[in-house]
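These notes concern the structure reproduced below.
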Amino acid sequence: MAEIRLAIEIAGLNLRNPVMNAAGILGLTADLLRRVYEEGAGAVVTKSIGLKPRMGHPNPTVAIVEGGLINAMGLPNPGVEYFLGELEKLKAGGIPVVASFFGETLDEFVEVASRLSEAGVDALELNCSCPNVEGVGILGSDPGAVKRVTEAVKGCVDKPLFVKLSPNVSDITEIARAAERGGADGLTAVNTLRAIALSIEARRPILSNVTGGLSGPALKPVALRCVWEIYEAVEIPIIGCGGITTWRDAVEYLLAGASALQVGTAIMTRGLRVFREINMGLRNYLEENGFREVSELVGLAHES
Amino acid sequence: MAEIRLAIEIAGLNLRNPVMNAAGILGLTADLLRRVYEEGAGAVVTKSIGLKPRMGHPNPTVAIVEGGLINAMGLPNPGVEYFLGELEKLKAGGIPVVASFFGETLDEFVEVASRLSEAGVDALELNCSCPNVEGVGILGSDPGAVKRVTEAVKGCVDKPLFVKLSPNVSDITEIARAAERGGADGLTAVNTLRAIALSIEARRPILSNVTGGLSGPALKPVALRCVWEIYEAVEIPIIGCGGITTWRDAVEYLLAGASALQVGTAIMTRGLRVFREINMGLRNYLEENGFREVSELVGLAHES
Amino acid sequence: MSDWRMRAEAHRAVRILRVVEEAEGVSTLYFGDALCRKAQPGQFIMVWPPGAEEVPMSLSTIGGESSITVKAVGPTSRRLTSLGEGDLIMIRGPFGRGFTLMGEKPLLVAGGTGVAPIKPLVEEMLSRGLKPTLILGARTKDRLLFLNRLRRLLGSKLHIATDDGSLGFSGPASKYAERLLDEGCFDAVYACGPEAMMAALYRAAERRGLPIQVSLERYMKCAIGLCGSCAIGPYRVCRDGPVFNGEMLRRVLDEFGRRRLDPSGRSTPLEE
Amino acid sequence: MSDWRMRAEAHRAVRILRVVEEAEGVSTLYFGDALCRKAQPGQFIMVWPPGAEEVPMSLSTIGGESSITVKAVGPTSRRLTSLGEGDLIMIRGPFGRGFTLMGEKPLLVAGGTGVAPIKPLVEEMLSRGLKPTLILGARTKDRLLFLNRLRRLLGSKLHIATDDGSLGFSGPASKYAERLLDEGCFDAVYACGPEAMMAALYRAAERRGLPIQVSLERYMKCAIGLCGSCAIGPYRVCRDGPVFNGEMLRRVLDEFGRRRLDPSGRSTPLEE
Ligand SMILES: Cc1cc2nc3c(=O)[nH]c(=O)nc-3n(C[C@H](O)[C@H](O)[C@H](O)COP(=O)(O)OP(=O)(O)OC[C@H]3O[C@@H](n4cnc5c(N)ncnc54)[C@H](O)[C@@H]3O)c2cc1C
Ligand SMILES: Cc1cc2nc3c(=O)[nH]c(=O)nc-3n(C[C@H](O)[C@H](O)[C@H](O)COP(=O)(O)OP(=O)(O)OC[C@H]3O[C@@H](n4cnc5c(N)ncnc54)[C@H](O)[C@@H]3O)c2cc1C
Ligand SMILES: Cc1cc2nc3c(=O)[nH]c(=O)nc-3n(C[C@H](O)[C@H](O)[C@H](O)COP(=O)(O)O)c2cc1C
Ligand SMILES: Cc1cc2nc3c(=O)[nH]c(=O)nc-3n(C[C@H](O)[C@H](O)[C@H](O)COP(=O)(O)O)c2cc1C
Ligand code: FES
Ligand code: FES
């Protein structure tokens, strides 16, 4: 029997398997990201890094709802200057690193991306979709703005650039195409859905920021639809993200058109073993269905 | 102790309680809607009625996902001409009826609304948000189109008009304001989120239409956020809809700003007793928290 | 955690274990499924052979293995009867309310593929110590389904009726049933088959003051009680049925045996 | 069906049953909650008095009633200590890994509000037949928490250490602990209190080859192991902790007792 390979190639990156942590999940320190890699991830993704340190929103910053989690962390991060030290530690370990980043202006986007890029990350992920920060969140629904930011960043970095899209738009293919035209090497789909949780006893919103982003299984059907639509609209590869909890979810995303995967909320429900679980399940699925490589699954459901 | 009242007034309608079935749920026949009313609903909402009969999409038309249901019925309906007969039967029973309707052109919207209105329905609900029909779905994300359709319909009917909004937009307050400016007497928020379900065994989408609309608890946090945002953007009343399953959900929607409620998917999980369950729970909540009327709760969480 | 995806309403894939041709164009497809194992006789599932439509089918075997018995009448049923061992079908269910046991000496009447839900009902009745009598009807002797199995189960309590008289009573099963009802001392009636037959039996049972249950078919889309396309009067066949008792039938006499909704929701005459 | 909203991670409202002032600015808030009833000693909950922030608090009573013991040090803890009977707080949890029972004759050391998770640990140990000895430390005698209750539980196995010598040993509890460790034949060490104290005890235990567990505090946002803000080395205090054993501490010696992340994720020196 032929050997089953979990390794993938995406936008020039060679990864031992297609499963990463999602941005903002355990990505604040080198030590935690190293652990994510040791637990079996194919690459690690950092917290979204901005120009200046940010404390984020006051607690409560998370609320559980049926099938998911709403968070409004408010992009806490130590700022790019500080974070270069963490990247150095990570890169010393030879771990493939995708650096997520954001800015509040176009210049900030470019500056943060350049510095991360010089620090030797393997790829960049442009977060233009965080629904929680004024001046940044809006970017995600304006194709023109997405194209401009992507272009500006691509002009200054020589690393593969993924643009992470927001599902809170009328037509995600329009944004996807804008990013592609701007020179993105790949797309991450998707960030969280804007949502709210209320307490009927406190008679008020639970999150200090009032609204937040819905992640987890409740997000999955919408995120999967986004991947499906984007796959039909662009040529560049897609990293699927949203509610992936089991290997079955992973296979669904691959069949819908994702070439790689990110896992966030499932680390709450399954723990860090989720990376090994998904990879084991993927391997079995490939074997039982007569496939040899993950790439054979990508987009397969579009052919039916 | 003062008497607790579940009765509400919304856009001139006086209803014995605030809980209705959602459009498309059991709304094809007078007999079924009468049963919904007998099971305790405050008013009944019809299936979305168009000009001509439609068979809808082939099966499979529904798929279960974590926390919800994806449907792509394809707006099957007997056409307005035929449906007038059902309305006659319903009105003979003195049941408050909200007639949901749609068109594929502006003229169709006006014609269907006029005929339903003449048939003596108590209110109309303009479905501009069904994500499954070409030429209609698009309407829901274009504020100009929403305003024009609303205006045209309002110009020809003398019944309260609710406009039902889609959550698949970047900024729902823009659409809400467009409907208000077009003369809507109220808004129903919201319809389903565009979504997909795949089978990894069949390696294809489950729904014959590929994509469908996500309803049920998975939709709730997004729908509740829509109600929250719309409440801050317009003056007209809101009917909250999306994942309402228990009286707790109902109270959350009222606190977020809904004046009335619609229940769909919960009829699958709870059965038709869901209307009585919610109304009983609402009554207890009012009593235990020192309120006397449902209207006292509306929007209360915005004051915190 | 995967609460919803474990629900009976969720699609799942099963492989066909084997196919048995029961008559020309009628096949039984066997498969294994944990939820169908625990179904009640009379419940149905939605069956989707990928590439075709999804359609309702009664469970014709309930136990360690499950089965459906399909008559090829159109594109999807033909697709189903063309499947073989190892092929994959997607199913959801079981749905609806099945038969309720009543009486000690029930008379069961099955016409055509209507025997599908009646077979597991017979098995259930026997295992509970009831004494069922069954009239198995079909157009011709070749179209009698599960004949051997039912003979083994029921012995002399199995009666046959064929329209062409090629075996047993010659004429409609409902007519033969009236005769037996007058002779025997039955205390309940069950039926599944053409709706005209069931309507005749309903009248026969009512006249004699006997409780009756029949299994109805209507066009189904959601099968989970939401869309209303399977409506008959105030009932949803998919959820309040498919088994109707006399009290329910009494409320839908203008439709039972007469009319049904087409897929757009318009009431149209029943032709069978 | 409401699977997720029943999870420990979900917010729920509880009413305060009563408040007991333990010392100046330190109060115990009692409440009833089904999930906290089944917590392990050492686990914590997130507590949100609506209108203020949400903060982590150890469970100081585990059983029919639950409690937290709050020291007023800033806006939220002051708000909590100002609440009274009938007031509503939102909680989620219990979170993290609590203490694991080791040995037969453990030495426990609690400093300040660090006694909060130690009290239910003592109760658990006694109910399992272990023979715990506790050193209860505080700045002054007035700030010794749960003194009566612990004396009743432990009798002569309760030792006191105060910084000002107003009761018991005069000086840091960790110093007194070293003395006891040399005298008694303890087979395990547990500690909760200022991190410098716990670091001293860790070194003392390591030198003597004794297993140790300590309970750490770090800035927490999500408390469900996702955001990483409570990181210490490769561990999340909210999920892998808050109780750390010697093996875990050995991997974080550059941070334990020295540094912690501020809310933006920058490592800063610990000052206590
Ligand atoms: C509760 C229930 C139990 C059934 N049990 C059996 C069974 O055990 N064995 C069996 O052979 N048949 C059974 N049927 C009938 C079976 O569903 C139809 O024969 C099948 O759907 C035909 O589909 P088709 O594409 O082959 O034919 P088509 O040419 O599409 O239609 C042929 C006939 O089947 C009806 N039909 C088609 N689609 C549906 C649908 N979605 N829901 C209901 N009726 C439909 C049509 O209205 C028409 O009368 C049952 C139906 C119901 C409602
Ligand atoms: C696992 C754990 C268990 C704890 N158990 C107790 C206990 O039983 N009794 C008790 O009195 N205190 C306990 N604390 C400490 C308690 O959380 C802080 O005292 C409280 O958050 C102070 O909030 P404030 O607004 O009153 O003060 P602030 O002025 O905001 O801060 C005072 C101190 O509390 C820290 N703090 C503030 N917010 C948080 C947060 N979200 N997470 C962690 N630390 C924070 C600050 O970093 C600072 O050091 C525990 C902390 C942790 C991590
Ligand atoms: C606690 C938390 C923090 C997050 N922080 C970020 C972030 O900094 N940048 C970003 O692009 N996405 C962030 N996200 C979104 C995730 O990367 C991911 O898109 C989303 O959670 C959906 O995936 P999941 O359902 O697997 O969690 C965050 C999500 C969570 C739950
Ligand atoms: C089977 C089904 C059919 C529906 N048909 C319609 C429809 O005809 N018109 C409409 O406006 N909404 C339709 N909807 C959407 C519902 O009215 C409602 O907006 C949505 O289901 C969210 O509510 P829920 O979560 O309570 O189900 C349909 C939903 C379902 C599940
Ligand atoms: S098939 Fe939809 S209600 Fe019965
Ligand atoms: S607080 Fe521990 S990971 Fe978020």
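The way I read the labels, and the way they are meant: chains A, B, ... in the order of the structure tokens, residue 1 as the first residue of every chain, and ligand 1 as the first ligand shown, with later ones counted on from there.
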Show me, as a CSV table (one decimal) with all heavy atoms, in the first residue's frame, the residues of chain A whose atoms get within 12 Å of chain C, using only C-alpha atoms for the distance check.
```csv
chain,number,residue,atom,x,y,z
A,66,GLU,N,-24.7,28.8,22.5
A,66,GLU,CA,-25.0,27.5,22.0
A,66,GLU,C,-24.1,27.2,20.8
A,66,GLU,O,-24.1,28.0,19.8
A,66,GLU,CB,-26.5,27.4,21.6
A,66,GLU,CG,-26.9,26.0,21.2
A,66,GLU,CD,-26.7,25.0,22.3
A,66,GLU,OE1,-26.9,25.4,23.5
A,66,GLU,OE2,-26.4,23.8,22.0
A,67,GLY,N,-23.2,26.2,20.8
A,67,GLY,CA,-22.4,25.9,19.7
A,67,GLY,C,-21.2,26.8,19.5
A,67,GLY,O,-20.5,26.7,18.5
A,68,GLY,N,-20.9,27.7,20.4
A,68,GLY,CA,-19.8,28.6,20.1
A,68,GLY,C,-19.4,29.5,21.2
A,68,GLY,O,-19.9,29.4,22.4
A,216,GLY,N,-16.3,29.0,16.7
A,216,GLY,CA,-16.7,27.6,17.1
A,216,GLY,C,-17.7,27.0,16.1
A,216,GLY,O,-18.0,27.6,15.1
A,217,PRO,N,-18.2,25.8,16.5
A,217,PRO,CA,-19.1,25.1,15.6
A,217,PRO,C,-20.3,25.9,15.0
A,217,PRO,O,-20.7,25.7,13.9
A,217,PRO,CB,-19.6,23.9,16.4
A,217,PRO,CG,-18.6,23.7,17.4
A,217,PRO,CD,-18.0,25.1,17.7
A,218,ALA,N,-20.8,26.9,15.8
A,218,ALA,CA,-21.9,27.7,15.3
A,218,ALA,C,-21.5,28.5,14.1
A,218,ALA,O,-22.3,28.8,13.2
A,218,ALA,CB,-22.4,28.6,16.4
A,243,GLY,N,-14.6,27.0,13.4
A,243,GLY,CA,-15.4,25.9,14.0
A,243,GLY,C,-14.8,24.5,13.8
A,243,GLY,O,-15.4,23.5,14.1
A,244,ILE,N,-13.6,24.4,13.2
A,244,ILE,CA,-13.0,23.1,13.0
A,244,ILE,C,-12.7,22.5,14.4
A,244,ILE,O,-11.9,23.0,15.2
A,244,ILE,CB,-11.7,23.2,12.1
A,244,ILE,CG1,-12.1,23.8,10.8
A,244,ILE,CG2,-11.1,21.8,12.0
A,244,ILE,CD1,-10.9,24.1,9.9
A,245,THR,N,-13.3,21.3,14.6
A,245,THR,CA,-13.2,20.7,15.9
A,245,THR,C,-12.7,19.2,15.8
A,245,THR,O,-12.0,18.7,16.6
A,245,THR,CB,-14.6,20.7,16.6
A,245,THR,OG1,-15.1,22.0,16.6
A,245,THR,CG2,-14.5,20.2,18.0
A,246,THR,N,-13.2,18.6,14.7
A,246,THR,CA,-12.8,17.2,14.5
A,246,THR,C,-12.2,17.0,13.1
A,246,THR,O,-12.3,17.9,12.3
A,246,THR,CB,-14.1,16.2,14.6
A,246,THR,OG1,-14.9,16.5,13.5
A,246,THR,CG2,-14.8,16.5,15.9
A,248,ARG,N,-13.5,15.3,10.9
A,248,ARG,CA,-14.5,15.4,9.9
A,248,ARG,C,-14.7,16.8,9.4
A,248,ARG,O,-14.9,17.1,8.2
A,248,ARG,CB,-15.9,14.9,10.5
A,248,ARG,CG,-15.9,13.5,10.9
A,248,ARG,CD,-17.2,13.1,11.5
A,248,ARG,NE,-18.2,13.1,10.4
A,248,ARG,CZ,-18.5,12.0,9.6
A,248,ARG,NH1,-17.9,10.9,9.9
A,248,ARG,NH2,-19.4,12.1,8.7
A,249,ASP,N,-14.7,17.8,10.3
A,249,ASP,CA,-14.7,19.2,9.9
A,249,ASP,C,-13.6,19.5,9.0
A,249,ASP,O,-13.7,20.2,8.0
A,249,ASP,CB,-14.6,20.1,11.2
A,249,ASP,CG,-15.7,19.9,12.2
A,249,ASP,OD1,-16.9,19.7,11.7
A,249,ASP,OD2,-15.5,19.9,13.4
A,266,ALA,N,-11.8,25.1,19.3
A,266,ALA,CA,-11.8,23.7,19.6
A,266,ALA,C,-10.7,23.4,20.6
A,266,ALA,O,-10.7,22.3,21.3
A,266,ALA,CB,-11.5,22.8,18.4
A,268,MET,N,-10.5,24.9,23.3
A,268,MET,CA,-11.2,24.9,24.6
A,268,MET,C,-11.9,23.6,24.8
A,268,MET,O,-11.9,23.0,25.9
A,268,MET,CB,-12.3,26.1,24.6
A,268,MET,CG,-13.2,26.0,25.8
A,268,MET,SD,-14.5,27.3,25.7
A,268,MET,CE,-15.8,26.3,24.9
A,269,THR,N,-12.6,23.1,23.7
A,269,THR,CA,-13.4,21.9,23.9
A,269,THR,C,-12.6,20.6,23.9
A,269,THR,O,-13.0,19.7,24.6
A,269,THR,CB,-14.6,21.8,22.9
A,269,THR,OG1,-14.0,22.0,21.6
A,269,THR,CG2,-15.6,23.0,23.1
A,270,ARG,N,-11.6,20.6,23.1
A,270,ARG,CA,-10.8,19.3,22.9
A,270,ARG,C,-9.5,19.4,23.6
A,270,ARG,O,-8.9,18.3,23.8
A,270,ARG,CB,-10.6,19.0,21.4
A,270,ARG,CG,-11.8,18.9,20.6
A,270,ARG,CD,-12.7,17.8,20.9
A,270,ARG,NE,-12.0,16.5,21.1
A,270,ARG,CZ,-12.3,15.6,21.9
A,270,ARG,NH1,-13.4,15.7,22.6
A,270,ARG,NH2,-11.6,14.5,22.0
A,303,GLU,N,-16.6,19.1,-7.7
A,303,GLU,CA,-16.7,18.4,-9.0
A,303,GLU,C,-17.9,17.5,-9.1
A,303,GLU,O,-18.2,16.9,-10.1
A,303,GLU,CB,-15.4,17.5,-9.1
A,303,GLU,CG,-14.2,18.3,-9.4
A,303,GLU,CD,-12.9,17.5,-9.2
A,303,GLU,OE1,-13.0,16.3,-9.2
A,303,GLU,OE2,-11.9,18.1,-8.9
A,304,SER,N,-18.7,17.4,-8.0
A,304,SER,CA,-19.8,16.5,-8.0
A,304,SER,C,-21.0,16.9,-8.8
A,304,SER,O,-21.1,18.1,-9.1
A,304,SER,CB,-20.2,16.2,-6.5
A,304,SER,OG,-20.8,17.4,-6.0
```
Protein and nucleic acid residues within 8 Å of ligand 4 (only C-alpha atoms and all ligand atoms) as a ChimeraX atom specification: /B:21-25,46-49,62,68-73,75-76,100-101,125-130,164,189-192,213-220,241-245,262-266 /C:222,226-227
All residues having an atom within 7 Å of ligand 2 (only C-alpha atoms and all ligand atoms) as an MDAnalysis selection string: (chainID A and resid 59) or (chainID D and resid 44 53:60 68:78 113:114 116:117 216:221 238 242)
Range 10-17 of chain A surroundings by only C-alpha atoms, 6 Å radius, close-in-sequence under 2 positions cut, as a list in words: Leu6, Ala7, Ile8, Val19, Gly42 and Asp185 of chain A
All alpha helix (DSSP H) residues (DSSP, backbone) inside range 224-268 of chain B, as a ChimeraX atom specification: /B:224-233,247-256,266-268
Those in range 142-204 of chain D with strand (DSSP E or B) from DSSP, as number ranges by chain: D: 158-162, 169-170, 188-192
Residue hits in chain A, query chain B, radius 9 Å, only C-alpha atoms, as number ranges by chain: A: 65-68, 70, 138, 141, 167-171, 193-200, 202-205, 211, 214, 217-226, 228, 248-249, 251-253, 255-256, 300-304
Interatomic distance (Å, one decimal) between CA of Val47 in chain C and CA of Leu134 in chain C: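 Distance between the two atoms: 27.7 Å.
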Length of the CA of Val36 in chain B to CA of Glu288 in chain B vector [Å]: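 Between these atoms lies a distance of 27.9 Å.
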Non-local contacts of Gly85 in chain B (10 Å; only C-alpha atoms; under 3 positions in same chain excluded) as a PyMOL selection string: chain B and resi 29-30+80-82+88-90+119
Residue contacts of Arg139 in chain D (7 Å, only C-alpha atoms) excluding same-chain residues fewer than 5 positions away, as a PyMOL selection string: chain D and resi 162-164
Atom-to-atom span, CA of Arg239 in chain D and CA of Gly225 in chain D, Å: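 About the pair CA of Arg239 in chain D and CA of Gly225 in chain D: they are 5.4 Å apart.
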Nearest to chain C, chosen from D:Met248, D:Met6, D:Val20, D:Leu29, with only C-alpha atoms counted in the distances: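 Among the listed residues, the smallest separation from chain C belongs to D:Met6.
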For range 175-188 of chain D: contacts at 8 Å, only C-alpha atoms, fewer than 3 positions along chain excluded, given as a PyMOL selection string: chain D and resi 102-107+109+135+161+169+171-172+201+204+210-212
Residues within 8 Å of Val115 in chain C, only C-alpha atoms, excluding chain neighbours under 2 positions, as a PyMOL selection string: chain C and resi 60+110-113+117-119+136+145+192-193
Output N, CA and C atoms of each residue in that selection to a file, as an mmCIF file, in the first residue's frame.
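Result file is selection-v4.cif:
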```cif
data_model
loop_
_atom_site.group_PDB
_atom_site.id
_atom_site.type_symbol
_atom_site.label_atom_id
_atom_site.label_comp_id
_atom_site.auth_asym_id
_atom_site.auth_seq_id
_atom_site.Cartn_x
_atom_site.Cartn_y
_atom_site.Cartn_z
ATOM 1 N N SER C 60 -38.768 -1.259 6.626
ATOM 2 C CA SER C 60 -39.437 -2.541 6.436
ATOM 3 C C SER C 60 -38.793 -3.638 7.276
ATOM 4 N N ALA C 110 -52.539 -5.049 4.215
ATOM 5 C CA ALA C 110 -51.424 -4.409 3.518
ATOM 6 C C ALA C 110 -51.625 -4.544 2.024
ATOM 7 N N GLY C 111 -51.523 -3.407 1.325
ATOM 8 C CA GLY C 111 -51.663 -3.446 -0.123
ATOM 9 C C GLY C 111 -50.378 -3.004 -0.801
ATOM 10 N N GLY C 112 -49.863 -3.805 -1.722
ATOM 11 C CA GLY C 112 -48.662 -3.416 -2.482
ATOM 12 C C GLY C 112 -47.474 -3.196 -1.568
ATOM 13 N N THR C 113 -46.727 -2.095 -1.801
ATOM 14 C CA THR C 113 -45.576 -1.823 -0.932
ATOM 15 C C THR C 113 -46.029 -1.371 0.457
ATOM 16 N N PRO C 117 -44.201 -1.155 6.170
ATOM 17 C CA PRO C 117 -44.273 -0.891 7.607
ATOM 18 C C PRO C 117 -45.081 -1.934 8.373
ATOM 19 N N ILE C 118 -45.883 -2.735 7.634
ATOM 20 C CA ILE C 118 -46.745 -3.725 8.297
ATOM 21 C C ILE C 118 -45.923 -4.936 8.757
ATOM 22 N N LYS C 119 -44.887 -5.282 7.991
ATOM 23 C CA LYS C 119 -44.085 -6.456 8.373
ATOM 24 C C LYS C 119 -43.470 -6.280 9.772
ATOM 25 N N LEU C 136 -52.719 -9.864 3.001
ATOM 26 C CA LEU C 136 -51.676 -9.334 2.126
ATOM 27 C C LEU C 136 -52.262 -9.231 0.733
ATOM 28 N N LEU C 145 -45.480 -9.234 -1.574
ATOM 29 C CA LEU C 145 -44.152 -9.044 -0.970
ATOM 30 C C LEU C 145 -44.026 -9.789 0.356
ATOM 31 N N CYS C 192 -52.137 -0.333 5.600
ATOM 32 C CA CYS C 192 -51.217 0.494 4.822
ATOM 33 C C CYS C 192 -51.290 0.030 3.383
ATOM 34 N N GLY C 193 -51.487 0.984 2.482
ATOM 35 C CA GLY C 193 -51.602 0.650 1.075
ATOM 36 C C GLY C 193 -52.193 1.837 0.338
#
```
Counting only C-alpha atoms, the option among D:Leu154, D:Glu124, D:Arg207, D:Arg5 closest to chain C: D:Arg5
